[in-house]
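One structure is given here, and the rest of the page talks about it.
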Amino acid sequence: MENDQDKILNDVTSGEYKFGFVTDIESDSIPAGLNEDVIRLISSKKKEPEWLLEFRLKSYRHWLTMKMPTWANLRIPEINYKDIIFYSAPKQKIAPSSLSDVDPELIRTFDKLGIPLEEQKHLTGVAVDAVMDSISVKTTFRETLAEMGIIFCSFSEAVKEHPSLVQKYLASVVPYTDNFFATLNSAVFSDGSFCYIPKGVRCPMELSTYFRINASNTGQFERTLLIADEEAYVSYLEGCTAPMRDENQLHAAVVEIVAECGAEVKYSTVQNWYPGDKDGKGGILNFVTKRGICKGDDSKISWTQVETGSAITWKYPSCILRGNNSTGEFYSVAVTNNHQQADTGTKMIHIGKNTKSTILSKGISAGFGQNSYRGLVKVLSKAEGARNFSQCDSLLLGDKCGAHTFPYIEVDNPSAIVEHEATTSRIGEDQIFYCNQRGISTEDAIGLIVNGYAREVINKLPMEFAVEAQKLLQISLEGSVG
Amino acid sequence: MKDNFLLQIKELKASIDNKEILKGLNLEVGYGEIHAIMGPNGSGKSTLANVLTGRDIATVTHGSVTFEGHNLLEMSPEERAREGIFLSFQYPIEIPGVSMVNFMKTAVNEQRKYHGLEPLSASDFLKLMREKKELVEIDSALTNRSVNEGFSGGEKKKNEIFQMAMLEPRLALLDETDSGLDIDALRIVANGVNKIRRPDTSVIVITHYQRLLDHIIPDFVHVMYDGRIVKSAGPELALELEERGYDWIRKEADVSEESWTTDQK
């Protein structure tokens, strides 16, 4: 039986990464390494206003005083910031105002990824902002959205066209001093998406940003800012892929969400960065700071994430529940296969009265993967009537992987009710055999069982992405049962 | 074209952890026949079910098994299932989060694909499910739940028979299907099996007790002891076993076979 297990574990390699191709496109890159001149160069390339350059420099100077965090349950390879290219843009003669201005090679790339940039061909009713390396390639459906007062554009454009909004909200949820990677991002962020939903508007379509790293030795540092004004609603989805490369690539993004009174933001991520090969070589190092604030009363922020990629995932999408009766939710499926490592979870900070939070984390470990849930539930003294329910489940495939849970609970109000449940289980050979005996192959059986396990989270995704996520889960775990 | 037997087992020997459990078993099952295999605990009945369905707990060391003339031992467990071998598990397995509908749809369509048929449409599938549910008198609530999750012992056994109805096997192995069933559940399960059976469907009932055989009348009864079939006869043998227990078989077998083979080693 031991042999069988080895054989099956070896079969893991059959689940190949589908998005590992490289687009051959000329890019405008700056030399590797980081110093104040590089930051000035990035800022000038983007023709930024003075206040933004100051923000970057302030962040950079602070970053120099910081050390990389080592508290996570991760073995992180040394990151040499001298070797990273901090800005790379696919070369385009002019900023594209219509699709015909976009390099056909870029359009082909996004087509290959299943992200059509042509609006009329886009039947799913999803507006897309496509970001390759450091810049936004094209944002679809802008005009349609603009009629409703919705702003959805690249971060760079927002800086030019809506500077007061950007200045008001930038770093209002994740301050530039927040943590090593967020501070680095604040210094060097290149592009990303900006979204503003005005008062009382329900955004009629899914908004989506698609991130693609293409150039080698390049870091990706995008910045997303999402503002839902009073009584507004938006559902936002982010997807990501990268080519297969032998070296590690750094991805350090920041996402900030602001929900005003009665607003609701649903933020979904399907993260499929290149995870490295079966021996753990290469792959994206994913250090991301995502945080939302329920600023007004009765507001709601919901994070849903399906994390199947990256060599290392370090990510804690969090909610600051400041408004009374505000709600925070975190639904997560994180897969680690082969030598992938994930340390992911959330923070729910209860400040307002009668604030509610729900955490549902489903970890899946296979191969030599290490999967940690790290979550904080903090109830401040004024958060009368706060409620939290957390459930952390771990599923193990094989006997060389690991699942770990690090829950932190800090309660300063006696009326709070905080619940935490945790389970660890394994896909049993008996479950697989039961499926086999009904004519279902082992691979399909794993797909069924894993998707059954993750169903509660997958169901939270917008319909068209739930199907994708299901397939992705199956591909990421192909043949990985012992 | 057709082989004389649906299933033919010749001199089958199989071990678990180097301990021989099946010690030269012979059995021939014709089309449409019902065979009962009885015997005391530890005689190798469940191992036989494992070997026939391809579970890798046991290693076959000798002998052959053919299914319609094809070498069964070369097939993967799922191929055997798609060829029409169905095991009603002694202890059905729970699969949390996987709905019965999704599970059965996957199973039925895999089988159809194997036989070169198009997958069933959602509406045809649901219709099929409804028909079969009625046939085996299964509560519709059960099929809306996750596979066996939180089912009682009796519900699990009924669910096995429901799956059997859906997959229409050519050879059904009922492994201790009667254990843990009350009289009513036993009747439902047995009736289900009888209704599902087509004229050429064969059944092997593995059981300790006579009582299931009151409802599913066997053509042949075999007694298994120490890894072999030591006695075969008609249904009257089951009644005799019920009356006299297994001790006389044990004695008969020990005298005639077991001491002999031990000496030889």
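Convention: chains lettered A, B, ... in structure tokens order; per-chain residue numbering from 1; ligands numbered from 1 as shown.
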Give me the residues near B:Lys13 as a PyMOL selection string, where near means some atom within 7 Å (using only C-alpha atoms) and where sequence neighbours in that chain fewer than 3 positions away do not count. chain B and resi 22-25+60-63
Just the selected residues (C-alpha atoms), exported as a PDB file, in the first residue's frame, please.
ATOM      1  CA  LEU B  22      -8.485 -17.268   0.292  1.00  0.00           C
ATOM      2  CA  LYS B  23      -6.942 -20.690  -0.166  1.00  0.00           C
ATOM      3  CA  GLY B  24      -8.029 -21.994  -3.546  1.00  0.00           C
ATOM      4  CA  LEU B  25     -11.609 -20.936  -4.040  1.00  0.00           C
ATOM      5  CA  VAL B  60      -4.193 -12.236  -5.398  1.00  0.00           C
ATOM      6  CA  THR B  61      -1.380 -14.795  -5.451  1.00  0.00           C
ATOM      7  CA  HIS B  62      -2.898 -17.564  -7.522  1.00  0.00           C
ATOM      8  CA  GLY B  63      -5.827 -18.503  -9.695  1.00  0.00           C
TER       9      GLY B  63
END
Counting only C-alpha atoms, which residues of chain B come no farther than 6 Å from chain A, as a short mmCIF file (atom, residue, chain, number, x, y, z; two decimals) with all heavy atoms, in the first residue's frame?
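What follows is the written file result39.cif:
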data_model
loop_
_atom_site.label_atom_id
_atom_site.label_comp_id
_atom_site.auth_asym_id
_atom_site.auth_seq_id
_atom_site.Cartn_x
_atom_site.Cartn_y
_atom_site.Cartn_z
N PRO B 77 -10.78 -1.04 -10.33
CA PRO B 77 -12.07 -1.11 -9.63
C PRO B 77 -13.18 -0.40 -10.40
O PRO B 77 -14.30 -0.92 -10.50
CB PRO B 77 -11.80 -0.40 -8.31
CG PRO B 77 -10.35 -0.53 -8.07
CD PRO B 77 -9.71 -0.55 -9.43
N GLU B 78 -12.87 0.79 -10.97
CA GLU B 78 -13.94 1.52 -11.66
C GLU B 78 -14.36 0.84 -12.96
O GLU B 78 -15.51 0.88 -13.35
CB GLU B 78 -13.58 3.00 -11.87
CG GLU B 78 -12.32 3.29 -12.66
CD GLU B 78 -11.09 3.43 -11.77
OE1 GLU B 78 -11.02 2.75 -10.72
OE2 GLU B 78 -10.19 4.22 -12.12
N ALA B 81 -16.72 -1.85 -12.07
CA ALA B 81 -18.03 -1.28 -11.77
C ALA B 81 -18.76 -0.95 -13.06
O ALA B 81 -19.95 -1.26 -13.21
CB ALA B 81 -17.87 -0.03 -10.90
N ARG B 82 -18.03 -0.34 -14.01
CA ARG B 82 -18.67 0.04 -15.27
C ARG B 82 -19.07 -1.18 -16.10
O ARG B 82 -20.01 -1.14 -16.88
CB ARG B 82 -17.73 0.94 -16.08
CG ARG B 82 -17.49 2.29 -15.41
CD ARG B 82 -16.33 3.02 -16.09
NE ARG B 82 -15.88 4.14 -15.27
CZ ARG B 82 -14.69 4.72 -15.44
NH1 ARG B 82 -13.86 4.31 -16.37
NH2 ARG B 82 -14.35 5.73 -14.66
N GLY B 97 -20.86 16.62 2.11
CA GLY B 97 -20.86 17.73 1.14
C GLY B 97 -21.15 17.31 -0.29
O GLY B 97 -21.40 18.15 -1.14
N VAL B 98 -21.09 16.00 -0.59
CA VAL B 98 -21.38 15.54 -1.94
C VAL B 98 -22.82 15.05 -1.98
O VAL B 98 -23.16 14.09 -1.30
CB VAL B 98 -20.42 14.40 -2.36
CG1 VAL B 98 -20.76 13.90 -3.74
CG2 VAL B 98 -18.98 14.88 -2.29
N ALA B 107 -21.78 8.89 -11.40
CA ALA B 107 -21.63 7.45 -11.55
C ALA B 107 -22.36 6.95 -12.81
O ALA B 107 -21.79 6.22 -13.62
CB ALA B 107 -22.17 6.74 -10.30
#
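For the pair atom CA of A:Val258 and atom CA of A:Pro175, the interatomic distance is 13.4 Å.
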Name the residues in contact with B:Asp184 at a cut-off of 12 Å, using only C-alpha atoms, excluding same-chain residues fewer than 3 positions from it; report them as a PyMOL selection string. chain B and resi 137+154-155+158+178+180-181+187-191+212+215
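Nearest residue to B:Gly54, choosing from B:Ser76, B:Asn194, B:Asn41, B:Asn71 and counting only C-alpha atoms: B:Ser76.
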If you count only C-alpha atoms, which residues fall within 8 Å of B:Glu28, apart from same-chain ones fewer than 2 positions away, as a ChimeraX atom specification? /B:5-9,26,30
Mind checking DSSP for stretch 63-142 of chain B and telling me the helix (DSSP H, G or I) residues as an NGL selection string? :B and (72-74 or 77-83 or 100-114 or 122-135 or 140-142)
With a distance cut-off of 10 Å and only C-alpha atoms, select the neighbouring residues of B:Phe125, excluding the residue or stretch itself and same-chain residues fewer than 2 positions from it, and output the selection as a CSV table (one decimal) with N, CA, C and O atoms, in the first residue's frame.
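Result file is selection_16.csv:
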chain,number,residue,atom,x,y,z
B,101,VAL,N,-27.5,13.4,-5.6
B,101,VAL,CA,-27.8,13.6,-6.9
B,101,VAL,C,-26.5,13.8,-7.8
B,101,VAL,O,-26.4,13.1,-8.8
B,104,MET,N,-24.7,10.3,-7.9
B,104,MET,CA,-25.3,9.3,-8.8
B,104,MET,C,-25.2,9.8,-10.3
B,104,MET,O,-25.0,8.9,-11.2
B,105,LYS,N,-25.3,11.1,-10.5
B,105,LYS,CA,-25.2,11.6,-11.8
B,105,LYS,C,-23.8,11.3,-12.4
B,105,LYS,O,-23.7,10.8,-13.5
B,108,VAL,N,-23.6,7.4,-13.0
B,108,VAL,CA,-24.4,6.9,-14.1
B,108,VAL,C,-23.8,7.3,-15.4
B,108,VAL,O,-23.6,6.6,-16.4
B,109,ASN,N,-23.3,8.6,-15.5
B,109,ASN,CA,-22.8,9.1,-16.7
B,109,ASN,C,-21.4,8.5,-17.0
B,109,ASN,O,-21.0,8.3,-18.2
B,119,PRO,N,-24.1,11.3,-22.2
B,119,PRO,CA,-24.6,11.5,-20.8
B,119,PRO,C,-26.1,11.8,-20.8
B,119,PRO,O,-26.6,12.4,-21.7
B,120,LEU,N,-26.7,11.5,-19.7
B,120,LEU,CA,-28.2,11.8,-19.6
B,120,LEU,C,-28.3,13.3,-19.3
B,120,LEU,O,-27.5,13.9,-18.6
B,121,SER,N,-29.4,13.9,-19.9
B,121,SER,CA,-29.7,15.3,-19.6
B,121,SER,C,-30.2,15.4,-18.2
B,121,SER,O,-30.6,14.4,-17.6
B,122,ALA,N,-30.1,16.6,-17.6
B,122,ALA,CA,-30.5,16.8,-16.3
B,122,ALA,C,-31.9,16.3,-16.0
B,122,ALA,O,-32.2,15.6,-15.0
B,123,SER,N,-32.8,16.6,-16.9
B,123,SER,CA,-34.2,16.3,-16.7
B,123,SER,C,-34.4,14.7,-16.8
B,123,SER,O,-35.1,14.1,-16.0
B,127,LYS,N,-35.7,12.3,-13.8
B,127,LYS,CA,-36.8,11.4,-14.0
B,127,LYS,C,-36.4,9.9,-13.6
B,127,LYS,O,-37.1,9.2,-12.9
B,128,LEU,N,-35.2,9.5,-14.0
B,128,LEU,CA,-34.7,8.2,-13.7
B,128,LEU,C,-34.6,8.0,-12.2
B,128,LEU,O,-35.0,7.0,-11.6
B,129,MET,N,-34.1,9.1,-11.6
B,129,MET,CA,-34.0,9.0,-10.1
B,129,MET,C,-35.3,8.8,-9.4
B,129,MET,O,-35.5,8.0,-8.5
B,130,ARG,N,-36.3,9.6,-9.9
B,130,ARG,CA,-37.7,9.5,-9.3
B,130,ARG,C,-38.2,8.1,-9.5
B,130,ARG,O,-38.7,7.5,-8.5
B,131,GLU,N,-38.1,7.5,-10.7
B,131,GLU,CA,-38.6,6.1,-10.9
B,131,GLU,C,-38.0,5.1,-10.0
B,131,GLU,O,-38.6,4.3,-9.4
B,166,MET,N,-30.2,2.3,-9.7
B,166,MET,CA,-29.8,3.3,-10.7
B,166,MET,C,-28.8,2.7,-11.7
B,166,MET,O,-28.7,3.1,-12.8
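Summary of the local environment: counting only C-alpha atoms, residues at most 8 Å from stretch 193-204 of chain A, other than itself and those fewer than 2 positions away along its chain, are Asp129, Ser136, Met148, Gly149, Ile150, Ile151, Phe152, Cys153, Ser154, Phe155, Ala158, Asp191, Glu206, Thr209, Arg223, Thr224, Leu225, Leu226, Ile227, Ala228, Asp229, Glu230, Glu231, Ala232, Tyr233, Val234 and Ser235 of chain A.
The spacing separating atom CA of B:Lys157 from atom CA of B:Val136 amounts to 11.2 Å.
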What's the 7 Å shell around stretch 34-39 of chain A, counting only C-alpha atoms, without same-chain residues fewer than 6 positions away, as a ChimeraX atom specification? /A:57,81-82,187-188
Check which residues of stretch 129-228 of chain A sit at most 12 Å from stretch 313-317 of chain A using only C-alpha atoms, and return one row each with the closest pair of atoms and their distance in Å to one decimal, ordered by chain and rising number, as JSON lines.
{"residue": "A:Val173", "atom": "CA", "partner": "A:Pro317", "partner_atom": "CA", "distance": 11.9}
{"residue": "A:Val174", "atom": "CA", "partner": "A:Pro317", "partner_atom": "CA", "distance": 11.3}
{"residue": "A:Asn179", "atom": "CA", "partner": "A:Lys315", "partner_atom": "CA", "distance": 11.9}
{"residue": "A:Phe181", "atom": "CA", "partner": "A:Trp314", "partner_atom": "CA", "distance": 10.2}
{"residue": "A:Ala182", "atom": "CA", "partner": "A:Lys315", "partner_atom": "CA", "distance": 11.2}
For the residues selected in the previous step, produce a file with N, CA, C and O atoms as a CSV table (one decimal), in the first residue's frame.
chain,number,residue,atom,x,y,z
A,173,VAL,N,-7.3,52.8,4.9
A,173,VAL,CA,-7.6,51.5,5.6
A,173,VAL,C,-6.3,50.7,5.9
A,173,VAL,O,-6.2,50.1,6.9
A,174,VAL,N,-5.4,50.8,5.0
A,174,VAL,CA,-4.1,50.2,5.2
A,174,VAL,C,-3.1,51.3,5.2
A,174,VAL,O,-2.6,51.8,4.1
A,179,ASN,N,2.6,47.3,7.3
A,179,ASN,CA,3.5,46.2,7.5
A,179,ASN,C,4.5,46.2,6.3
A,179,ASN,O,4.3,46.9,5.4
A,181,PHE,N,5.3,44.5,3.7
A,181,PHE,CA,4.9,44.4,2.3
A,181,PHE,C,4.0,45.5,1.9
A,181,PHE,O,4.0,45.9,0.7
A,182,ALA,N,3.1,45.9,2.8
A,182,ALA,CA,2.2,47.0,2.4
A,182,ALA,C,2.9,48.3,2.3
A,182,ALA,O,2.6,49.1,1.4
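For the pair atom CA of B:Ile16 and atom CA of B:Ala58, the interatomic distance is 4.8 Å.
The shortest atom-to-atom distance to A:Ala403, with only C-alpha atoms taken into account, belongs to A:Asn73 out of A:Ser310, A:Asn73, A:Ser186, A:Ser59.
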